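Trainee: Shown below is the structure under consideration.
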Amino acid sequence: MPKVVIYSTAICPYCVRAKQLLTRKGVEYEELYIDGGDRKLMREMLERSQRRTVPQIFIDDYHVGGYDDLAELNAFGKLDPLLGLAPHEEPEMTQEEDDIT
């Protein structure tokens, strides 16, 4: 399975949504917090993504972008192949997950 990395901050609703989507798919990911004073991680994220917002999501060396980009790939059936998963039906979102947006 490809390596998934999410650059995030402690308080980020879009980061939460991205992690929920990946968790529903059974995908493990590495979460790197850029708000802990580690400027090296922030620079690394900027160099890799050319963006300052979080989340920034990578599947191996492929830059997905943020949560909206991840959700779009999923909606069009393009996320599972990137993750090395067989296509399958997504469970419906719970009201709690829907309330985050």
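Residues are referred to by chain and number: the chain letter is A, B, ... according to the order shown in the structure tokens, the number counts from 1 in that chain, and ligands are numbered separately from 1 in the order shown.
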Give me, as a PyMOL selection string, the residues of chain A that a backbone DSSP run labels strand (DSSP E or B).
Mentor: chain A and resi 4-8+30-33+56-59+62-65
Trainee: When you look at stretch 42-50 of chain A with a cut-off of 12 Å (counting only C-alpha atoms), what residues show up, excluding the ones that are within fewer than 2 positions of it in the same chain? I need them as a list in words.
Mentor: Val5, Ile6, Tyr7, Ser8, Thr9, Glu31, Leu32, Tyr33, Ile34, Asp35, Gly36, Gly37, Asp38, Arg39, Lys40, Arg52, Thr53, Val54, Pro55, Gln56, Ile57, Phe58, Asp60, Asp61, Tyr62, His63, Val64, Gly65 and Gly66 of chain A
Trainee: Those same residues - C-alpha atoms - I'd like them written as a PDB file, in the first residue's frame.
Mentor:
ATOM      1  CA  VAL A   5       1.278  11.687   4.566  1.00  0.00           C
ATOM      2  CA  ILE A   6      -0.958  14.469   5.853  1.00  0.00           C
ATOM      3  CA  TYR A   7       0.499  17.793   6.936  1.00  0.00           C
ATOM      4  CA  SER A   8      -1.944  19.277   9.429  1.00  0.00           C
ATOM      5  CA  THR A   9      -2.495  21.430  12.494  1.00  0.00           C
ATOM      6  CA  GLU A  31       0.220  12.862  10.267  1.00  0.00           C
ATOM      7  CA  LEU A  32       2.779  15.642  10.542  1.00  0.00           C
ATOM      8  CA  TYR A  33       1.762  18.613  12.679  1.00  0.00           C
ATOM      9  CA  ILE A  34       3.237  21.863  11.391  1.00  0.00           C
ATOM     10  CA  ASP A  35       1.944  24.021  14.250  1.00  0.00           C
ATOM     11  CA  GLY A  36       4.208  22.720  16.999  1.00  0.00           C
ATOM     12  CA  GLY A  37       6.976  25.238  16.443  1.00  0.00           C
ATOM     13  CA  ASP A  38       8.926  22.948  14.113  1.00  0.00           C
ATOM     14  CA  ARG A  39       9.716  25.331  11.257  1.00  0.00           C
ATOM     15  CA  LYS A  40      11.524  22.548   9.437  1.00  0.00           C
ATOM     16  CA  ARG A  52       0.552  27.261   2.910  1.00  0.00           C
ATOM     17  CA  THR A  53      -2.839  25.789   3.848  1.00  0.00           C
ATOM     18  CA  VAL A  54      -3.608  22.515   5.611  1.00  0.00           C
ATOM     19  CA  PRO A  55      -4.189  19.759   5.119  1.00  0.00           C
ATOM     20  CA  GLN A  56      -1.663  18.958   2.433  1.00  0.00           C
ATOM     21  CA  ILE A  57      -1.972  15.315   1.468  1.00  0.00           C
ATOM     22  CA  PHE A  58       0.543  13.134  -0.337  1.00  0.00           C
ATOM     23  CA  ASP A  60       3.740   8.450  -2.056  1.00  0.00           C
ATOM     24  CA  ASP A  61       5.224  11.331  -4.078  1.00  0.00           C
ATOM     25  CA  TYR A  62       1.884  12.364  -5.612  1.00  0.00           C
ATOM     26  CA  HIS A  63       0.579  15.649  -4.198  1.00  0.00           C
ATOM     27  CA  VAL A  64      -3.177  15.257  -3.800  1.00  0.00           C
ATOM     28  CA  GLY A  65      -3.697  18.748  -2.378  1.00  0.00           C
ATOM     29  CA  GLY A  66      -6.185  19.493   0.394  1.00  0.00           C
TER      30      GLY A  66
END
Trainee: Go through A:Cys12, A:Ala18, A:Arg24, A:Pro2 and flag the residue nearest A:Glu72, using only C-alpha atoms for the distances.
Mentor: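 So, comparing all the options, the nearest one is A:Ala18.
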Trainee: Apply DSSP to the backbone of this structure and, from chain A, keep only the residues in alpha helix (DSSP H); write these as a PyMOL selection string.
Mentor: chain A and resi 13-24+39-49+67-75+79-83+95-99
Trainee: Applying 8 Å and only C-alpha atoms, which residues near stretch 82-87 of chain A remain after dropping the ones on its own chain fewer than 2 positions away? List them as a PDB file with N, CA and C atoms, in the first residue's frame.
Mentor:
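Output contents, as saved in result16.pdb:
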ATOM      1  N   MET A   1       0.846  -1.181   0.000  1.00  0.00           N
ATOM      2  CA  MET A   1       0.000   0.000   0.000  1.00  0.00           C
ATOM      3  C   MET A   1       0.889   1.241   0.000  1.00  0.00           C
ATOM      4  N   PRO A   2       0.508   2.264  -0.728  1.00  0.00           N
ATOM      5  CA  PRO A   2       1.308   3.482  -0.778  1.00  0.00           C
ATOM      6  C   PRO A   2       1.370   4.177   0.575  1.00  0.00           C
ATOM      7  N   VAL A  27      -7.235   3.069   5.433  1.00  0.00           N
ATOM      8  CA  VAL A  27      -5.899   3.491   5.018  1.00  0.00           C
ATOM      9  C   VAL A  27      -5.145   4.078   6.213  1.00  0.00           C
ATOM     10  N   ILE A  59       0.206  11.039  -1.466  1.00  0.00           N
ATOM     11  CA  ILE A  59       0.173   9.588  -1.595  1.00  0.00           C
ATOM     12  C   ILE A  59       1.453   9.231  -2.326  1.00  0.00           C
ATOM     13  N   GLY A  77     -14.044   8.320  -8.234  1.00  0.00           N
ATOM     14  CA  GLY A  77     -13.509   6.963  -8.283  1.00  0.00           C
ATOM     15  C   GLY A  77     -12.031   6.886  -8.589  1.00  0.00           C
ATOM     16  N   LYS A  78     -11.311   7.979  -8.413  1.00  0.00           N
ATOM     17  CA  LYS A  78      -9.884   7.999  -8.727  1.00  0.00           C
ATOM     18  C   LYS A  78      -8.987   7.820  -7.502  1.00  0.00           C
ATOM     19  N   LEU A  79      -9.574   7.880  -6.305  1.00  0.00           N
ATOM     20  CA  LEU A  79      -8.768   7.772  -5.095  1.00  0.00           C
ATOM     21  C   LEU A  79      -8.346   6.337  -4.806  1.00  0.00           C
ATOM     22  N   ASP A  80      -9.279   5.400  -4.915  1.00  0.00           N
ATOM     23  CA  ASP A  80      -8.961   4.005  -4.602  1.00  0.00           C
ATOM     24  C   ASP A  80      -7.777   3.478  -5.403  1.00  0.00           C
ATOM     25  N   GLU A  89     -18.167   0.312  -2.518  1.00  0.00           N
ATOM     26  CA  GLU A  89     -19.151   1.314  -2.106  1.00  0.00           C
ATOM     27  C   GLU A  89     -18.689   1.988  -0.822  1.00  0.00           C
TER      28      GLU A  89
END
Trainee: Could you tell me how far atom CA of A:Asn74 lies from atom CA of A:Arg51, in Å and to one decimal?
Mentor: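 For atom CA of A:Asn74 relative to atom CA of A:Arg51, the distance reads 21.4 Å.
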Trainee: Rounded to one decimal, what separation in Å do you get between atom CA of A:Tyr67 and atom CA of A:Leu41?
Mentor: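 So the answer is 19.2 Å.
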Trainee: Have a look at atom CA of A:Phe76 and atom CA of A:Lys3 and let me know their distance in Å, one decimal.
Mentor: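 Computed distance, atom CA of A:Phe76 to atom CA of A:Lys3, equals 21.2 Å.
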Trainee: Can you work out which one of A:Tyr29, A:Val16, A:Ala10, A:Leu21 has the shortest atom-to-atom distance to A:Ala75, counting only C-alpha atoms?
Mentor: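 Checking each candidate against A:Ala75, we get A:Leu21 as the closest.
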